[in-house]
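Have a look at protein-v9.cif below; it lists mmCIF, N, CA and C atoms.
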```
data_work
#
loop_
_atom_site.label_atom_id
_atom_site.label_comp_id
_atom_site.auth_asym_id
_atom_site.auth_seq_id
_atom_site.Cartn_x
_atom_site.Cartn_y
_atom_site.Cartn_z
N MET A 120 321.35 175.27 -39.03
CA MET A 120 320.46 176.20 -38.37
C MET A 120 319.31 175.40 -37.75
N GLN A 121 318.95 175.72 -36.49
CA GLN A 121 317.88 175.03 -35.79
C GLN A 121 316.62 175.91 -35.79
N VAL A 122 315.47 175.29 -36.08
CA VAL A 122 314.19 176.00 -36.07
C VAL A 122 313.52 175.75 -34.72
N VAL A 123 313.11 176.84 -34.06
CA VAL A 123 312.46 176.74 -32.76
C VAL A 123 310.98 177.07 -32.94
N ASP A 124 310.13 176.18 -32.43
CA ASP A 124 308.67 176.38 -32.51
C ASP A 124 308.24 177.32 -31.39
N MET A 125 307.81 178.54 -31.71
CA MET A 125 307.42 179.55 -30.72
C MET A 125 305.90 179.60 -30.51
N SER A 126 305.16 178.73 -31.14
CA SER A 126 303.71 178.74 -30.99
C SER A 126 303.33 178.19 -29.61
N LEU A 127 302.18 178.62 -29.12
CA LEU A 127 301.69 178.15 -27.82
C LEU A 127 301.17 176.73 -27.96
N PRO A 128 301.32 175.95 -26.91
CA PRO A 128 300.75 174.59 -26.95
C PRO A 128 299.24 174.67 -27.15
N LEU A 129 298.67 173.68 -27.80
CA LEU A 129 297.25 173.65 -28.11
C LEU A 129 296.40 173.73 -26.84
N GLN A 130 296.82 173.09 -25.76
CA GLN A 130 296.01 173.09 -24.54
C GLN A 130 295.88 174.49 -23.94
N ILE A 131 296.86 175.34 -24.05
CA ILE A 131 296.77 176.71 -23.54
C ILE A 131 295.82 177.52 -24.41
N CYS A 132 295.90 177.37 -25.71
CA CYS A 132 295.04 178.12 -26.62
C CYS A 132 293.57 177.71 -26.48
N ALA A 133 293.34 176.45 -26.16
CA ALA A 133 291.97 175.95 -26.10
C ALA A 133 291.29 176.25 -24.76
N GLN A 134 292.04 176.75 -23.77
CA GLN A 134 291.45 177.06 -22.47
C GLN A 134 290.46 178.21 -22.59
N PRO A 135 289.28 178.08 -21.94
CA PRO A 135 288.33 179.19 -21.96
C PRO A 135 288.90 180.40 -21.23
N ARG A 136 288.50 181.57 -21.67
CA ARG A 136 288.99 182.81 -21.07
C ARG A 136 287.82 183.61 -20.52
N TRP A 137 288.05 184.35 -19.45
CA TRP A 137 287.05 185.26 -18.90
C TRP A 137 286.87 186.42 -19.86
N SER A 138 285.66 186.88 -19.99
CA SER A 138 285.39 187.99 -20.90
C SER A 138 284.23 188.83 -20.36
N VAL A 139 284.42 190.14 -20.31
CA VAL A 139 283.36 191.04 -19.89
C VAL A 139 282.21 190.99 -20.88
N ARG A 140 282.51 190.75 -22.14
CA ARG A 140 281.46 190.68 -23.16
C ARG A 140 280.53 189.49 -22.97
N LYS A 141 280.96 188.50 -22.20
CA LYS A 141 280.14 187.31 -21.99
C LYS A 141 279.42 187.34 -20.64
N THR A 142 279.35 188.51 -20.02
CA THR A 142 278.66 188.62 -18.74
C THR A 142 277.23 189.10 -18.94
N GLN A 143 276.41 188.91 -17.93
CA GLN A 143 275.08 189.46 -17.97
C GLN A 143 274.65 189.78 -16.54
N GLU A 144 273.76 190.73 -16.44
CA GLU A 144 273.26 191.15 -15.15
C GLU A 144 272.32 190.09 -14.58
N ALA A 145 272.38 189.90 -13.27
CA ALA A 145 271.50 188.93 -12.61
C ALA A 145 271.07 189.50 -11.27
N VAL A 146 269.99 188.96 -10.74
CA VAL A 146 269.51 189.37 -9.42
C VAL A 146 269.81 188.25 -8.43
N GLY A 147 270.33 188.62 -7.27
CA GLY A 147 270.57 187.65 -6.21
C GLY A 147 269.25 187.28 -5.54
N SER A 148 269.09 186.04 -5.17
CA SER A 148 267.82 185.59 -4.59
C SER A 148 267.52 186.26 -3.25
N ASP A 149 268.53 186.86 -2.61
CA ASP A 149 268.33 187.54 -1.34
C ASP A 149 268.47 189.06 -1.46
N SER A 150 268.37 189.58 -2.66
CA SER A 150 268.58 191.01 -2.90
C SER A 150 267.50 191.86 -2.22
N PRO A 151 267.89 192.97 -1.58
CA PRO A 151 266.90 193.88 -1.00
C PRO A 151 266.14 194.66 -2.07
N SER A 152 266.56 194.55 -3.31
CA SER A 152 265.90 195.26 -4.42
C SER A 152 264.76 194.46 -5.04
N ILE A 153 264.41 193.32 -4.44
CA ILE A 153 263.31 192.51 -4.96
C ILE A 153 261.99 193.05 -4.43
N LEU A 154 261.07 193.27 -5.32
CA LEU A 154 259.71 193.70 -4.96
C LEU A 154 258.87 192.44 -4.77
N HIS A 155 258.73 192.01 -3.53
CA HIS A 155 258.04 190.75 -3.22
C HIS A 155 256.52 190.87 -3.28
N ALA A 156 256.01 192.07 -3.20
CA ALA A 156 254.56 192.28 -3.10
C ALA A 156 253.81 191.98 -4.39
N HIS A 157 254.51 191.91 -5.51
CA HIS A 157 253.85 191.70 -6.80
C HIS A 157 254.51 190.57 -7.54
N ARG A 158 253.69 189.81 -8.28
CA ARG A 158 254.21 188.66 -9.02
C ARG A 158 254.00 188.82 -10.52
N ASN A 159 253.82 190.08 -10.96
CA ASN A 159 253.81 190.35 -12.40
C ASN A 159 254.26 191.79 -12.63
N VAL A 160 254.82 192.02 -13.80
CA VAL A 160 255.42 193.31 -14.12
C VAL A 160 254.37 194.41 -14.21
N THR A 161 253.21 194.11 -14.77
CA THR A 161 252.17 195.13 -14.95
C THR A 161 251.74 195.75 -13.63
N SER A 162 251.39 194.91 -12.65
CA SER A 162 250.95 195.46 -11.37
C SER A 162 252.11 196.13 -10.63
N ALA A 163 253.32 195.63 -10.80
CA ALA A 163 254.48 196.25 -10.16
C ALA A 163 254.70 197.67 -10.68
N VAL A 164 254.66 197.85 -12.01
CA VAL A 164 254.85 199.18 -12.59
C VAL A 164 253.76 200.13 -12.12
N GLU A 165 252.53 199.65 -12.10
CA GLU A 165 251.41 200.49 -11.65
C GLU A 165 251.59 200.93 -10.19
N MET A 166 251.96 200.00 -9.32
CA MET A 166 252.12 200.33 -7.91
C MET A 166 253.35 201.20 -7.66
N LEU A 167 254.42 200.99 -8.42
CA LEU A 167 255.60 201.84 -8.28
C LEU A 167 255.27 203.29 -8.66
N ASN A 168 254.50 203.47 -9.73
CA ASN A 168 254.11 204.82 -10.14
C ASN A 168 253.11 205.44 -9.16
N PHE A 169 252.32 204.62 -8.50
CA PHE A 169 251.36 205.09 -7.51
C PHE A 169 252.08 205.52 -6.22
N GLY A 170 253.31 205.07 -6.05
CA GLY A 170 254.09 205.42 -4.87
C GLY A 170 253.93 204.46 -3.72
N ALA A 171 253.36 203.29 -3.99
CA ALA A 171 253.12 202.31 -2.93
C ALA A 171 254.42 201.66 -2.44
N HIS A 172 255.46 201.70 -3.25
CA HIS A 172 256.74 201.09 -2.88
C HIS A 172 257.85 202.10 -3.12
N LYS A 173 258.83 202.10 -2.27
CA LYS A 173 259.91 203.08 -2.34
C LYS A 173 261.23 202.44 -2.77
N PHE A 174 261.42 202.31 -4.05
CA PHE A 174 262.71 201.90 -4.60
C PHE A 174 263.26 203.11 -5.35
N PRO A 175 264.51 203.45 -5.13
CA PRO A 175 265.04 204.68 -5.73
C PRO A 175 264.99 204.69 -7.27
N ASP A 176 265.66 203.78 -7.90
CA ASP A 176 265.73 203.83 -9.36
C ASP A 176 265.56 202.48 -10.05
N GLU A 177 265.65 201.38 -9.31
CA GLU A 177 265.48 200.07 -9.92
C GLU A 177 265.03 199.05 -8.89
N CYS A 178 264.38 198.01 -9.40
CA CYS A 178 263.99 196.88 -8.55
C CYS A 178 263.79 195.66 -9.45
N TYR A 179 263.52 194.52 -8.82
CA TYR A 179 263.35 193.27 -9.54
C TYR A 179 262.02 192.64 -9.16
N VAL A 180 261.34 192.09 -10.14
CA VAL A 180 260.03 191.47 -9.94
C VAL A 180 260.02 190.11 -10.62
N TYR A 181 259.43 189.13 -9.94
CA TYR A 181 259.28 187.81 -10.54
C TYR A 181 257.91 187.74 -11.20
N SER A 182 257.87 187.32 -12.45
CA SER A 182 256.62 187.16 -13.18
C SER A 182 256.18 185.70 -13.12
N ASP A 183 255.06 185.45 -12.43
CA ASP A 183 254.52 184.10 -12.39
C ASP A 183 254.13 183.62 -13.79
N GLN A 184 253.56 184.52 -14.58
CA GLN A 184 253.10 184.16 -15.92
C GLN A 184 254.25 183.70 -16.81
N ARG A 185 255.35 184.42 -16.78
CA ARG A 185 256.49 184.09 -17.65
C ARG A 185 257.54 183.23 -16.97
N GLN A 186 257.38 183.00 -15.66
CA GLN A 186 258.36 182.21 -14.91
C GLN A 186 259.77 182.78 -15.09
N GLN A 187 259.88 184.12 -14.91
CA GLN A 187 261.13 184.82 -15.20
C GLN A 187 261.25 186.04 -14.29
N TRP A 188 262.46 186.39 -13.93
CA TRP A 188 262.74 187.62 -13.19
C TRP A 188 262.89 188.77 -14.18
N PHE A 189 262.44 189.95 -13.76
CA PHE A 189 262.58 191.15 -14.57
C PHE A 189 263.18 192.28 -13.76
N LYS A 190 264.06 193.03 -14.39
CA LYS A 190 264.58 194.25 -13.80
C LYS A 190 263.70 195.39 -14.29
N LEU A 191 263.28 196.26 -13.38
CA LEU A 191 262.52 197.46 -13.72
C LEU A 191 263.34 198.66 -13.28
N TRP A 192 263.40 199.68 -14.09
CA TRP A 192 264.12 200.89 -13.72
C TRP A 192 263.42 202.11 -14.26
N ARG A 193 263.78 203.25 -13.71
CA ARG A 193 263.21 204.50 -14.19
C ARG A 193 264.33 205.50 -14.39
N GLU A 194 264.06 206.43 -15.27
CA GLU A 194 265.01 207.52 -15.49
C GLU A 194 265.02 208.38 -14.23
N LYS A 195 266.07 209.12 -14.01
CA LYS A 195 266.18 209.98 -12.82
C LYS A 195 264.96 210.87 -12.70
N GLY A 196 264.24 210.70 -11.59
CA GLY A 196 263.08 211.53 -11.32
C GLY A 196 261.87 211.26 -12.21
N GLY A 197 261.95 210.27 -13.06
CA GLY A 197 260.87 209.98 -14.00
C GLY A 197 259.92 208.91 -13.49
N TRP A 198 259.09 208.45 -14.41
CA TRP A 198 258.09 207.43 -14.11
C TRP A 198 258.66 206.05 -14.38
N TRP A 199 258.10 205.06 -13.72
CA TRP A 199 258.39 203.67 -14.03
C TRP A 199 257.62 203.34 -15.31
N SER A 200 258.23 202.60 -16.21
CA SER A 200 257.62 202.35 -17.52
C SER A 200 257.87 200.92 -17.96
N PHE A 201 256.93 200.39 -18.77
CA PHE A 201 257.11 199.05 -19.35
C PHE A 201 258.28 199.05 -20.34
N ASP A 202 258.63 200.22 -20.87
CA ASP A 202 259.78 200.32 -21.78
C ASP A 202 261.09 200.09 -21.04
N ASN A 203 261.09 200.31 -19.74
CA ASN A 203 262.30 200.15 -18.94
C ASN A 203 262.24 198.87 -18.13
N THR A 204 262.11 197.76 -18.82
CA THR A 204 262.14 196.45 -18.18
C THR A 204 262.98 195.50 -19.03
N MET A 205 263.58 194.52 -18.38
CA MET A 205 264.29 193.48 -19.12
C MET A 205 264.37 192.22 -18.27
N ALA A 206 264.33 191.09 -18.93
CA ALA A 206 264.45 189.81 -18.24
C ALA A 206 265.88 189.62 -17.76
N VAL A 207 266.01 189.08 -16.57
CA VAL A 207 267.34 188.80 -16.00
C VAL A 207 267.30 187.44 -15.30
N PRO A 208 268.43 186.74 -15.27
CA PRO A 208 268.47 185.48 -14.53
C PRO A 208 268.61 185.73 -13.03
N ARG A 209 268.38 184.71 -12.26
CA ARG A 209 268.52 184.79 -10.80
C ARG A 209 269.75 183.98 -10.40
N VAL A 210 270.49 184.48 -9.43
CA VAL A 210 271.66 183.79 -8.92
C VAL A 210 271.38 183.38 -7.48
N GLU A 211 271.67 182.13 -7.16
CA GLU A 211 271.49 181.65 -5.79
C GLU A 211 272.51 182.32 -4.88
N ALA A 212 272.08 182.73 -3.71
CA ALA A 212 272.95 183.43 -2.76
C ALA A 212 274.16 182.57 -2.36
N ASP A 213 273.98 181.25 -2.25
CA ASP A 213 275.11 180.40 -1.86
C ASP A 213 276.19 180.36 -2.94
N LEU A 214 275.84 180.58 -4.19
CA LEU A 214 276.86 180.65 -5.24
C LEU A 214 277.69 181.92 -5.11
N ILE A 215 277.04 183.01 -4.72
CA ILE A 215 277.76 184.27 -4.53
C ILE A 215 278.71 184.14 -3.35
N SER A 216 278.25 183.56 -2.25
CA SER A 216 279.11 183.41 -1.07
C SER A 216 280.25 182.44 -1.36
N LEU A 217 280.01 181.40 -2.16
CA LEU A 217 281.09 180.48 -2.54
C LEU A 217 282.16 181.23 -3.32
N TRP A 218 281.73 182.08 -4.22
CA TRP A 218 282.66 182.88 -5.03
C TRP A 218 283.51 183.75 -4.14
N LEU A 219 282.90 184.38 -3.14
CA LEU A 219 283.63 185.27 -2.25
C LEU A 219 284.54 184.51 -1.29
N THR A 220 284.10 183.35 -0.79
CA THR A 220 284.91 182.60 0.17
C THR A 220 286.15 181.99 -0.47
N ARG A 221 286.10 181.76 -1.74
CA ARG A 221 287.28 181.21 -2.42
C ARG A 221 288.28 182.30 -2.80
N GLY A 222 287.94 183.55 -2.50
CA GLY A 222 288.87 184.64 -2.75
C GLY A 222 288.91 185.07 -4.20
N TRP A 223 287.92 184.70 -4.99
CA TRP A 223 287.90 185.12 -6.39
C TRP A 223 287.43 186.55 -6.46
N SER A 224 287.97 187.28 -7.34
CA SER A 224 287.51 188.65 -7.56
C SER A 224 287.73 188.97 -9.03
N PRO A 225 286.97 189.94 -9.55
CA PRO A 225 287.15 190.30 -10.95
C PRO A 225 288.58 190.72 -11.27
N ARG A 226 289.24 191.42 -10.37
CA ARG A 226 290.61 191.85 -10.64
C ARG A 226 291.57 190.67 -10.65
N ARG A 227 291.34 189.75 -9.72
CA ARG A 227 292.25 188.62 -9.60
C ARG A 227 292.14 187.65 -10.77
N CYS A 228 290.92 187.48 -11.29
CA CYS A 228 290.78 186.51 -12.38
C CYS A 228 290.91 187.18 -13.74
N GLY A 229 291.09 188.49 -13.77
CA GLY A 229 291.29 189.18 -15.04
C GLY A 229 289.99 189.50 -15.75
N CYS A 230 288.88 189.54 -15.01
CA CYS A 230 287.58 189.83 -15.63
C CYS A 230 287.44 191.30 -15.93
#
```

So, in terms of structure tokens, how does the structure I just supplied come out?
Amino acid sequence: MQVVDMSLPLQICAQPRWSVRKTQEAVGSDSPSILHAHRNVTSAVEMLNFGAHKFPDECYVYSDQRQQWFKLWREKGGWWSFDNTMAVPRVEADLISLWLTRGWSPRRCGC
């Protein structure tokens, strides 16, 4: 009787895999949702509630103090709030275009 090894080769098992659980939201450096007029979250929230800027439900602000991008959002029809903020990374626009020009897509790569 011959024994056949049905296990996968080690190199296939060790290959990294795409995973939705390992993704995170980011802002593109050329996004129209960036609030350029303010460089801190506090003044951005105040001005958004004052109505000085017209973003429907979310925008992004760069904090000079923290050297970090933040996403700000509001509940439907509600106020902008410090409770509705989170730090997000920034993605260079040329990286996004490189991804698109190579024909990669979430469906194609199994993401």

Notebook entry, point to check: What does the PyMOL selection byres (((chain A and resi 202 and name CA) around 10) and name CA) select in this file, as a PyMOL selection string?
Noted result: chain A and resi 191-193+199-201+203-205

Kindly export the residues of the current selection with N, CA and C atoms, as a PDB file, keeping the file's coordinate frame.
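Output below, filename again27.pdb:
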```pdb
ATOM      1  N   LEU A 191     263.280 196.260 -13.380  1.00  0.00           N
ATOM      2  CA  LEU A 191     262.520 197.460 -13.720  1.00  0.00           C
ATOM      3  C   LEU A 191     263.340 198.660 -13.280  1.00  0.00           C
ATOM      4  N   TRP A 192     263.400 199.680 -14.090  1.00  0.00           N
ATOM      5  CA  TRP A 192     264.120 200.890 -13.720  1.00  0.00           C
ATOM      6  C   TRP A 192     263.420 202.110 -14.260  1.00  0.00           C
ATOM      7  N   ARG A 193     263.780 203.250 -13.710  1.00  0.00           N
ATOM      8  CA  ARG A 193     263.210 204.500 -14.190  1.00  0.00           C
ATOM      9  C   ARG A 193     264.330 205.500 -14.390  1.00  0.00           C
ATOM     10  N   TRP A 199     258.100 205.060 -13.720  1.00  0.00           N
ATOM     11  CA  TRP A 199     258.390 203.670 -14.030  1.00  0.00           C
ATOM     12  C   TRP A 199     257.620 203.340 -15.310  1.00  0.00           C
ATOM     13  N   SER A 200     258.230 202.600 -16.210  1.00  0.00           N
ATOM     14  CA  SER A 200     257.620 202.350 -17.520  1.00  0.00           C
ATOM     15  C   SER A 200     257.870 200.920 -17.960  1.00  0.00           C
ATOM     16  N   PHE A 201     256.930 200.390 -18.770  1.00  0.00           N
ATOM     17  CA  PHE A 201     257.110 199.050 -19.350  1.00  0.00           C
ATOM     18  C   PHE A 201     258.280 199.050 -20.340  1.00  0.00           C
ATOM     19  N   ASN A 203     261.090 200.310 -19.740  1.00  0.00           N
ATOM     20  CA  ASN A 203     262.300 200.150 -18.940  1.00  0.00           C
ATOM     21  C   ASN A 203     262.240 198.870 -18.130  1.00  0.00           C
ATOM     22  N   THR A 204     262.110 197.760 -18.820  1.00  0.00           N
ATOM     23  CA  THR A 204     262.140 196.450 -18.180  1.00  0.00           C
ATOM     24  C   THR A 204     262.980 195.500 -19.030  1.00  0.00           C
ATOM     25  N   MET A 205     263.580 194.520 -18.380  1.00  0.00           N
ATOM     26  CA  MET A 205     264.290 193.480 -19.120  1.00  0.00           C
ATOM     27  C   MET A 205     264.370 192.220 -18.270  1.00  0.00           C
TER      28      MET A 205
END
```

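Near range 143-159 of chain A, within 8 Å and counting only N, CA and C atoms, sit Val139, Ala163, Val164, Phe174, Glu177, Cys178, Tyr179, Val180, Tyr181, Ser182, Asp183, Gln184, Arg185, Trp188, Ala206, Val207, Pro208, Arg209, Val210, Glu211, Ala212 and Asp213 of chain A; same-chain residues fewer than 4 positions away were not included.
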
Next item on the list: Please run DSSP on the backbone and report, as a ChimeraX atom specification, all residues within range 135-227 of chain A that come out as alpha helix (DSSP H).
Entry: /A:160-169,212-220,225-227

Checklist line | Gap from CA of Arg140 in chain A to CA of Val160 in chain A - Å, one decimal | finding: 27.7 Å

Checklist line | Coordinates-based distance that separates atom C of Asp176 in chain A from atom N of Gly196 in chain A (Å, one decimal) | finding: 8.5 Å

Next item on the list: Enter the distance from CA of Lys173 in chain A to CA of Gln187 in chain A, in Å, rounded to one decimal.
Entry: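 Pair CA of Lys173 in chain A / CA of Gln187 in chain A returns 22.4 Å.
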
For range 163-178 of chain A, which lacks atoms in the input, supply N, CA, C and O atoms and format the output as a PDB file, keeping the file's coordinate frame.
```pdb
ATOM      1  N   ALA A 163     253.320 195.630 -10.800  1.00  0.00           N
ATOM      2  CA  ALA A 163     254.480 196.250 -10.160  1.00  0.00           C
ATOM      3  C   ALA A 163     254.700 197.670 -10.680  1.00  0.00           C
ATOM      4  O   ALA A 163     254.905 198.598  -9.901  1.00  0.00           O
ATOM      5  N   VAL A 164     254.660 197.850 -12.010  1.00  0.00           N
ATOM      6  CA  VAL A 164     254.850 199.180 -12.590  1.00  0.00           C
ATOM      7  C   VAL A 164     253.760 200.130 -12.120  1.00  0.00           C
ATOM      8  O   VAL A 164     254.025 201.276 -11.736  1.00  0.00           O
ATOM      9  N   GLU A 165     252.530 199.650 -12.100  1.00  0.00           N
ATOM     10  CA  GLU A 165     251.410 200.490 -11.650  1.00  0.00           C
ATOM     11  C   GLU A 165     251.590 200.930 -10.190  1.00  0.00           C
ATOM     12  O   GLU A 165     251.424 202.097  -9.852  1.00  0.00           O
ATOM     13  N   MET A 166     251.960 200.000  -9.320  1.00  0.00           N
ATOM     14  CA  MET A 166     252.120 200.330  -7.910  1.00  0.00           C
ATOM     15  C   MET A 166     253.350 201.200  -7.660  1.00  0.00           C
ATOM     16  O   MET A 166     253.327 202.068  -6.794  1.00  0.00           O
ATOM     17  N   LEU A 167     254.420 200.990  -8.420  1.00  0.00           N
ATOM     18  CA  LEU A 167     255.600 201.840  -8.280  1.00  0.00           C
ATOM     19  C   LEU A 167     255.270 203.290  -8.660  1.00  0.00           C
ATOM     20  O   LEU A 167     255.699 204.229  -7.991  1.00  0.00           O
ATOM     21  N   ASN A 168     254.500 203.470  -9.730  1.00  0.00           N
ATOM     22  CA  ASN A 168     254.110 204.820 -10.140  1.00  0.00           C
ATOM     23  C   ASN A 168     253.110 205.440  -9.160  1.00  0.00           C
ATOM     24  O   ASN A 168     253.075 206.663  -8.994  1.00  0.00           O
ATOM     25  N   PHE A 169     252.320 204.620  -8.500  1.00  0.00           N
ATOM     26  CA  PHE A 169     251.360 205.090  -7.510  1.00  0.00           C
ATOM     27  C   PHE A 169     252.080 205.520  -6.220  1.00  0.00           C
ATOM     28  O   PHE A 169     251.535 206.251  -5.413  1.00  0.00           O
ATOM     29  N   GLY A 170     253.310 205.070  -6.050  1.00  0.00           N
ATOM     30  CA  GLY A 170     254.090 205.420  -4.870  1.00  0.00           C
ATOM     31  C   GLY A 170     253.930 204.460  -3.720  1.00  0.00           C
ATOM     32  O   GLY A 170     254.322 204.757  -2.591  1.00  0.00           O
ATOM     33  N   ALA A 171     253.360 203.290  -3.990  1.00  0.00           N
ATOM     34  CA  ALA A 171     253.120 202.310  -2.930  1.00  0.00           C
ATOM     35  C   ALA A 171     254.420 201.660  -2.440  1.00  0.00           C
ATOM     36  O   ALA A 171     254.454 201.116  -1.344  1.00  0.00           O
ATOM     37  N   HIS A 172     255.460 201.700  -3.250  1.00  0.00           N
ATOM     38  CA  HIS A 172     256.740 201.090  -2.880  1.00  0.00           C
ATOM     39  C   HIS A 172     257.850 202.100  -3.120  1.00  0.00           C
ATOM     40  O   HIS A 172     257.803 202.867  -4.074  1.00  0.00           O
ATOM     41  N   LYS A 173     258.830 202.100  -2.270  1.00  0.00           N
ATOM     42  CA  LYS A 173     259.910 203.080  -2.340  1.00  0.00           C
ATOM     43  C   LYS A 173     261.230 202.440  -2.770  1.00  0.00           C
ATOM     44  O   LYS A 173     262.031 202.036  -1.950  1.00  0.00           O
ATOM     45  N   PHE A 174     261.420 202.310  -4.050  1.00  0.00           N
ATOM     46  CA  PHE A 174     262.710 201.900  -4.600  1.00  0.00           C
ATOM     47  C   PHE A 174     263.260 203.110  -5.350  1.00  0.00           C
ATOM     48  O   PHE A 174     262.544 203.719  -6.139  1.00  0.00           O
ATOM     49  N   PRO A 175     264.510 203.450  -5.130  1.00  0.00           N
ATOM     50  CA  PRO A 175     265.040 204.680  -5.730  1.00  0.00           C
ATOM     51  C   PRO A 175     264.990 204.690  -7.270  1.00  0.00           C
ATOM     52  O   PRO A 175     264.346 205.555  -7.837  1.00  0.00           O
ATOM     53  N   ASP A 176     265.660 203.780  -7.900  1.00  0.00           N
ATOM     54  CA  ASP A 176     265.730 203.830  -9.360  1.00  0.00           C
ATOM     55  C   ASP A 176     265.560 202.480 -10.050  1.00  0.00           C
ATOM     56  O   ASP A 176     265.419 202.429 -11.262  1.00  0.00           O
ATOM     57  N   GLU A 177     265.650 201.380  -9.310  1.00  0.00           N
ATOM     58  CA  GLU A 177     265.480 200.070  -9.920  1.00  0.00           C
ATOM     59  C   GLU A 177     265.030 199.050  -8.890  1.00  0.00           C
ATOM     60  O   GLU A 177     265.242 199.213  -7.693  1.00  0.00           O
ATOM     61  N   CYS A 178     264.380 198.010  -9.400  1.00  0.00           N
ATOM     62  CA  CYS A 178     263.990 196.880  -8.550  1.00  0.00           C
ATOM     63  C   CYS A 178     263.790 195.660  -9.450  1.00  0.00           C
ATOM     64  O   CYS A 178     263.875 195.756 -10.678  1.00  0.00           O
TER      65      CYS A 178
END
```
